[in-house]
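Down below is the structure, laid out as structure tokens.
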There are 6 protein chains.
Amino acid sequence: MWVYEKKMEYPVKIKKSNPKLAKLIITQYGGPDGELGASLRYLSQRFTMLTPQAIATLNDIGTEELAHLEMIGAICHQLTADATPQQMQEAGMDAYYVDHGMGIYPQSAGGVPWNAIGIQSKGDPITDLYEDMAAEQKARSTYEYLLDLIDDPDVADPIKFLREREVVHFQRFGEALNYVRDYMDGKRIFYKK
Amino acid sequence: MWVYEKKMEYPVKIKKSNPKLAKLIITQYGGPDGELGASLRYLSQRFTMLTPQAIATLNDIGTEELAHLEMIGAICHQLTADATPQQMQEAGMDAYYVDHGMGIYPQSAGGVPWNAIGIQSKGDPITDLYEDMAAEQKARSTYEYLLDLIDDPDVADPIKFLREREVVHFQRFGEALNYVRDYMDGKRIFYKK
Amino acid sequence: MWVYEKKMEYPVKIKKSNPKLAKLIITQYGGPDGELGASLRYLSQRFTMLTPQAIATLNDIGTEELAHLEMIGAICHQLTADATPQQMQEAGMDAYYVDHGMGIYPQSAGGVPWNAIGIQSKGDPITDLYEDMAAEQKARSTYEYLLDLIDDPDVADPIKFLREREVVHFQRFGEALNYVRDYMDGKRIFYKK
Amino acid sequence: MWVYEKKMEYPVKIKKSNPKLAKLIITQYGGPDGELGASLRYLSQRFTMLTPQAIATLNDIGTEELAHLEMIGAICHQLTADATPQQMQEAGMDAYYVDHGMGIYPQSAGGVPWNAIGIQSKGDPITDLYEDMAAEQKARSTYEYLLDLIDDPDVADPIKFLREREVVHFQRFGEALNYVRDYMDGKRIFYKK
Amino acid sequence: MWVYEKKMEYPVKIKKSNPKLAKLIITQYGGPDGELGASLRYLSQRFTMLTPQAIATLNDIGTEELAHLEMIGAICHQLTADATPQQMQEAGMDAYYVDHGMGIYPQSAGGVPWNAIGIQSKGDPITDLYEDMAAEQKARSTYEYLLDLIDDPDVADPIKFLREREVVHFQRFGEALNYVRDYMDGKRIFYKK
Amino acid sequence: MWVYEKKMEYPVKIKKSNPKLAKLIITQYGGPDGELGASLRYLSQRFTMLTPQAIATLNDIGTEELAHLEMIGAICHQLTADATPQQMQEAGMDAYYVDHGMGIYPQSAGGVPWNAIGIQSKGDPITDLYEDMAAEQKARSTYEYLLDLIDDPDVADPIKFLREREVVHFQRFGEALNYVRDYMDGKRIFYKK
């Protein structure tokens, strides 16, 4: 179970309303390569992961991604909270406003609601860890594309932090993969035939 | 952010493998009225909720639903972990086995991957709280339907606990709705016209 | 069965082409909280509703929502019928034009085709009526968000009418809920355990 | 707008509970080639259809498909209303029971919730009428496949009626196509280039 | 099986970057009436088609649609390859850029990822051929709508070629339908009752 | 463009009807980790891949996956072609039969129509190649799960061939990744920042 701690993993303090950015950044809330998918993928896979270390890695990172989900939600909220409907419209967020008001909703930048088809939990430790490494690369690319379009340092700063975390996660999944492989070889277990 | 505490909200200790039940119970992991949808709905809505009490209610219950998601995952895992592929097939879980092995995957009993279209975060406090009360009723019904088909007390016990929690949540959302309404009346604010 | 009567429930007479508004209003045709979902939800639930009054309420409102669906379709059609492809493009409806021409298609403002995952018919009378009350609140919010962005009185007028109807429906579902609860208590029936 | 008439287009009087059949027949409620898709397709297309006759055809058939939707709902309801949860399970409807109880829900036989991606309203009269003829053929095939698996004459009888109506609709759309083509040729209008 | 031949079916040589057009044309890559759906529909249906000629028609056209998919991909790639992120943003492709970078991804103009719900393979030769004729009409309309909005002759030229091919395919499916009908009549086979 | 060669990449000659297996194997036609997704993923990504070798790898493997798609379609077709509707029902394929007859339709074993949300084409060469390696691992696992449930050597034989090809593809993507990394380092290009 989880206990909520009333602080962000990294501070989010945006001074300037900018719905246009919120429209893009929401993709890391509920887009195909965002934090919701990451967290749910890892927290689901841990039930069938092979070694205690790899299980702990999934659990740690899955929990951290929840904190990232919160940060992204806070960023989008701060970017829109003071906007008028007309400012939402000028920023191209009129469709979003009509469908969700100023609410934070898990969708991609392109407007697609989050769908579990975008993740896999395959019950095979090697496969799942490759899935996770790919997920981290996709998240990294998304953060980099976002940074290409963000000019407010208050927004760029936490996004850079999140991008760096994905690189660290990628490395940790790589290490977990090596441990799991060694374990399977050492035991002369050939998982799934 | 959240801190993981290495225990379940309520113990899950199932002694008998039973993939047939896992096939149904998975719906509370990733089905239309399950714990993932509940948690994400509340944790998303809190960004635009109106009063501190109502925000706290969404945060508390959203966090507790994460613990429920974990319990449901553990139930499904314990019901399938020792099953052979042939036992999965006899239990009607051969399709699931081919698509996800013994992995825990967020889908409905009917096999539909979780889709955010099933939840709403509308940015209107009254609307969101009605959405939440309806969600709790739908979760309650689902647990009751599950109990109609569960004959193993080790499984029924945590499911009954979860069912009762939904009733409590329903009541808490009702209270939050009253507070929010009073607040809006007291302030003579007519939210959204 | 239904008999078509060749008039609208409330007149729709828009003089000025305005595809930009159509792009938003279409969400009440096929969006997550729109008239299609409302109608289908109620007309589906009535098969398992408990008391004759509640069944009649579902049938009446479900039928009225069909009339609202027609009104919304007519509004969107009148707002686009005289537009050129270039005007569609200037209004940000070029993607819609390429995918559906000037046709009326059931999608959200955000472009998501209607999906039944957004509704529930749970077979439990209490649950279904809460689902319905939440649906009416969501529709109300959507109409209010639309009104924030509509400046043409010819369009605002029928939208206001529709908004008011949702409030009435909400109240009628509340009454149905009370009747159903009384019935279940009086009969000392505890529906589903 | 539509007025509800309290009778079915064709009587549905099923004496024997049979959830196994309901599981299949529900596909004509909310499956890819079912009555919901048919009705919504035609009622949506009529806004941009070219000639008064063709508009009337779409309106008439779209309205009739609503009556068919009701008949299919009634068939599925009568086949399940008296079933116990255990009988639902024996009939392979346990997943449905957990997700929707005895409620009538718009999904395919395969369990996929209805999705508007399965229909098109293209704003081109020739295209739309071909789409409609294809829809009627798909509905016909579905009814024929259902009849291969139905052994209860009480169920087969209304299904045969519905199958025949699809053939009639197919012919009427063919006639509408001819009228529209003549109209376009006669006017020497080349619709869309 | 297929052998790749390193040339396009028709040359694609676009000199001017224009992400705004790419945003629309991508719909023929992965939109509801695009080349992916066409190809997969025909190549899937051929397994159960009735006569050798009709099977060959499905195989030929399904293979040609793969070449069209490649052409559309090349068009979208050439229209975006030299664009900067800022130019993507100015063209309204910022959401696409964040979700997919400059990658070619199978979605509609409206941003909906391709979904097999948009095609049918019904196992009934008459039904499948009507489905195919409707598909070709829908593709034709889409190309015509695109041509309404394309002003660069380098882009319009291959699009016109593709539009013409759809008309030819439509005719070939009409001929196949006649052959299949004759075959069924001649054999006095009444397929599916 | 592609030229069809009238032979399979590997022979498929199944003597015994077995719809129960077809129900599972179809997942490699249109399931989340199947051949359609693989082929479309690679053929889409090649437009933005970095080096000629890596582009060729994507093109070769994407083309080969089309041949695998054909093999899987042929396997499912041969397993069902001679089945009666009643045999389909006994094999648990009655829902499939009602929705698609004996037609080959791109869905998962669990009945979910193929959805492009399951693939990514991110426009970043490193990310795309990790996505591809993960895809090959997921396909491998799926074939292994299928082999756990296949007892007919006529079916197991081509499935084993396909499984082995996925392992080879995985290795080739790993090599491509190394080349691309070297190229980026050698050029002292830091792709995307």
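By convention in this document, the chains of the structure tokens carry letters A, B, ... by their order, each chain's residues are numbered from 1, and ligands are numbered from 1 in the order they are shown.
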Who sits within 9 Å of stretch 91-95 of chain A, only C-alpha atoms, same chain under 4 positions skipped, as an MDAnalysis selection string: (chainID A and resid 18:23 85:87 99:101) or (chainID C and resid 23:24 27 108:111 149)
Contact set, chain C to chain D: 6 Å, only C-alpha atoms, as a ChimeraX atom specification: /C:1-5,8,44,48,67,100-105,113-116,121-123
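Between atom CA of E:Lys15 and atom CA of E:Leu162 the interatomic distance comes to 19.4 Å.
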Which of chain C DSSP labels alpha helix (DSSP H), written as a PyMOL selection string: chain C and resi 19-25+27-30+35-45+52-80+85-90+94-100+125-149+153-186
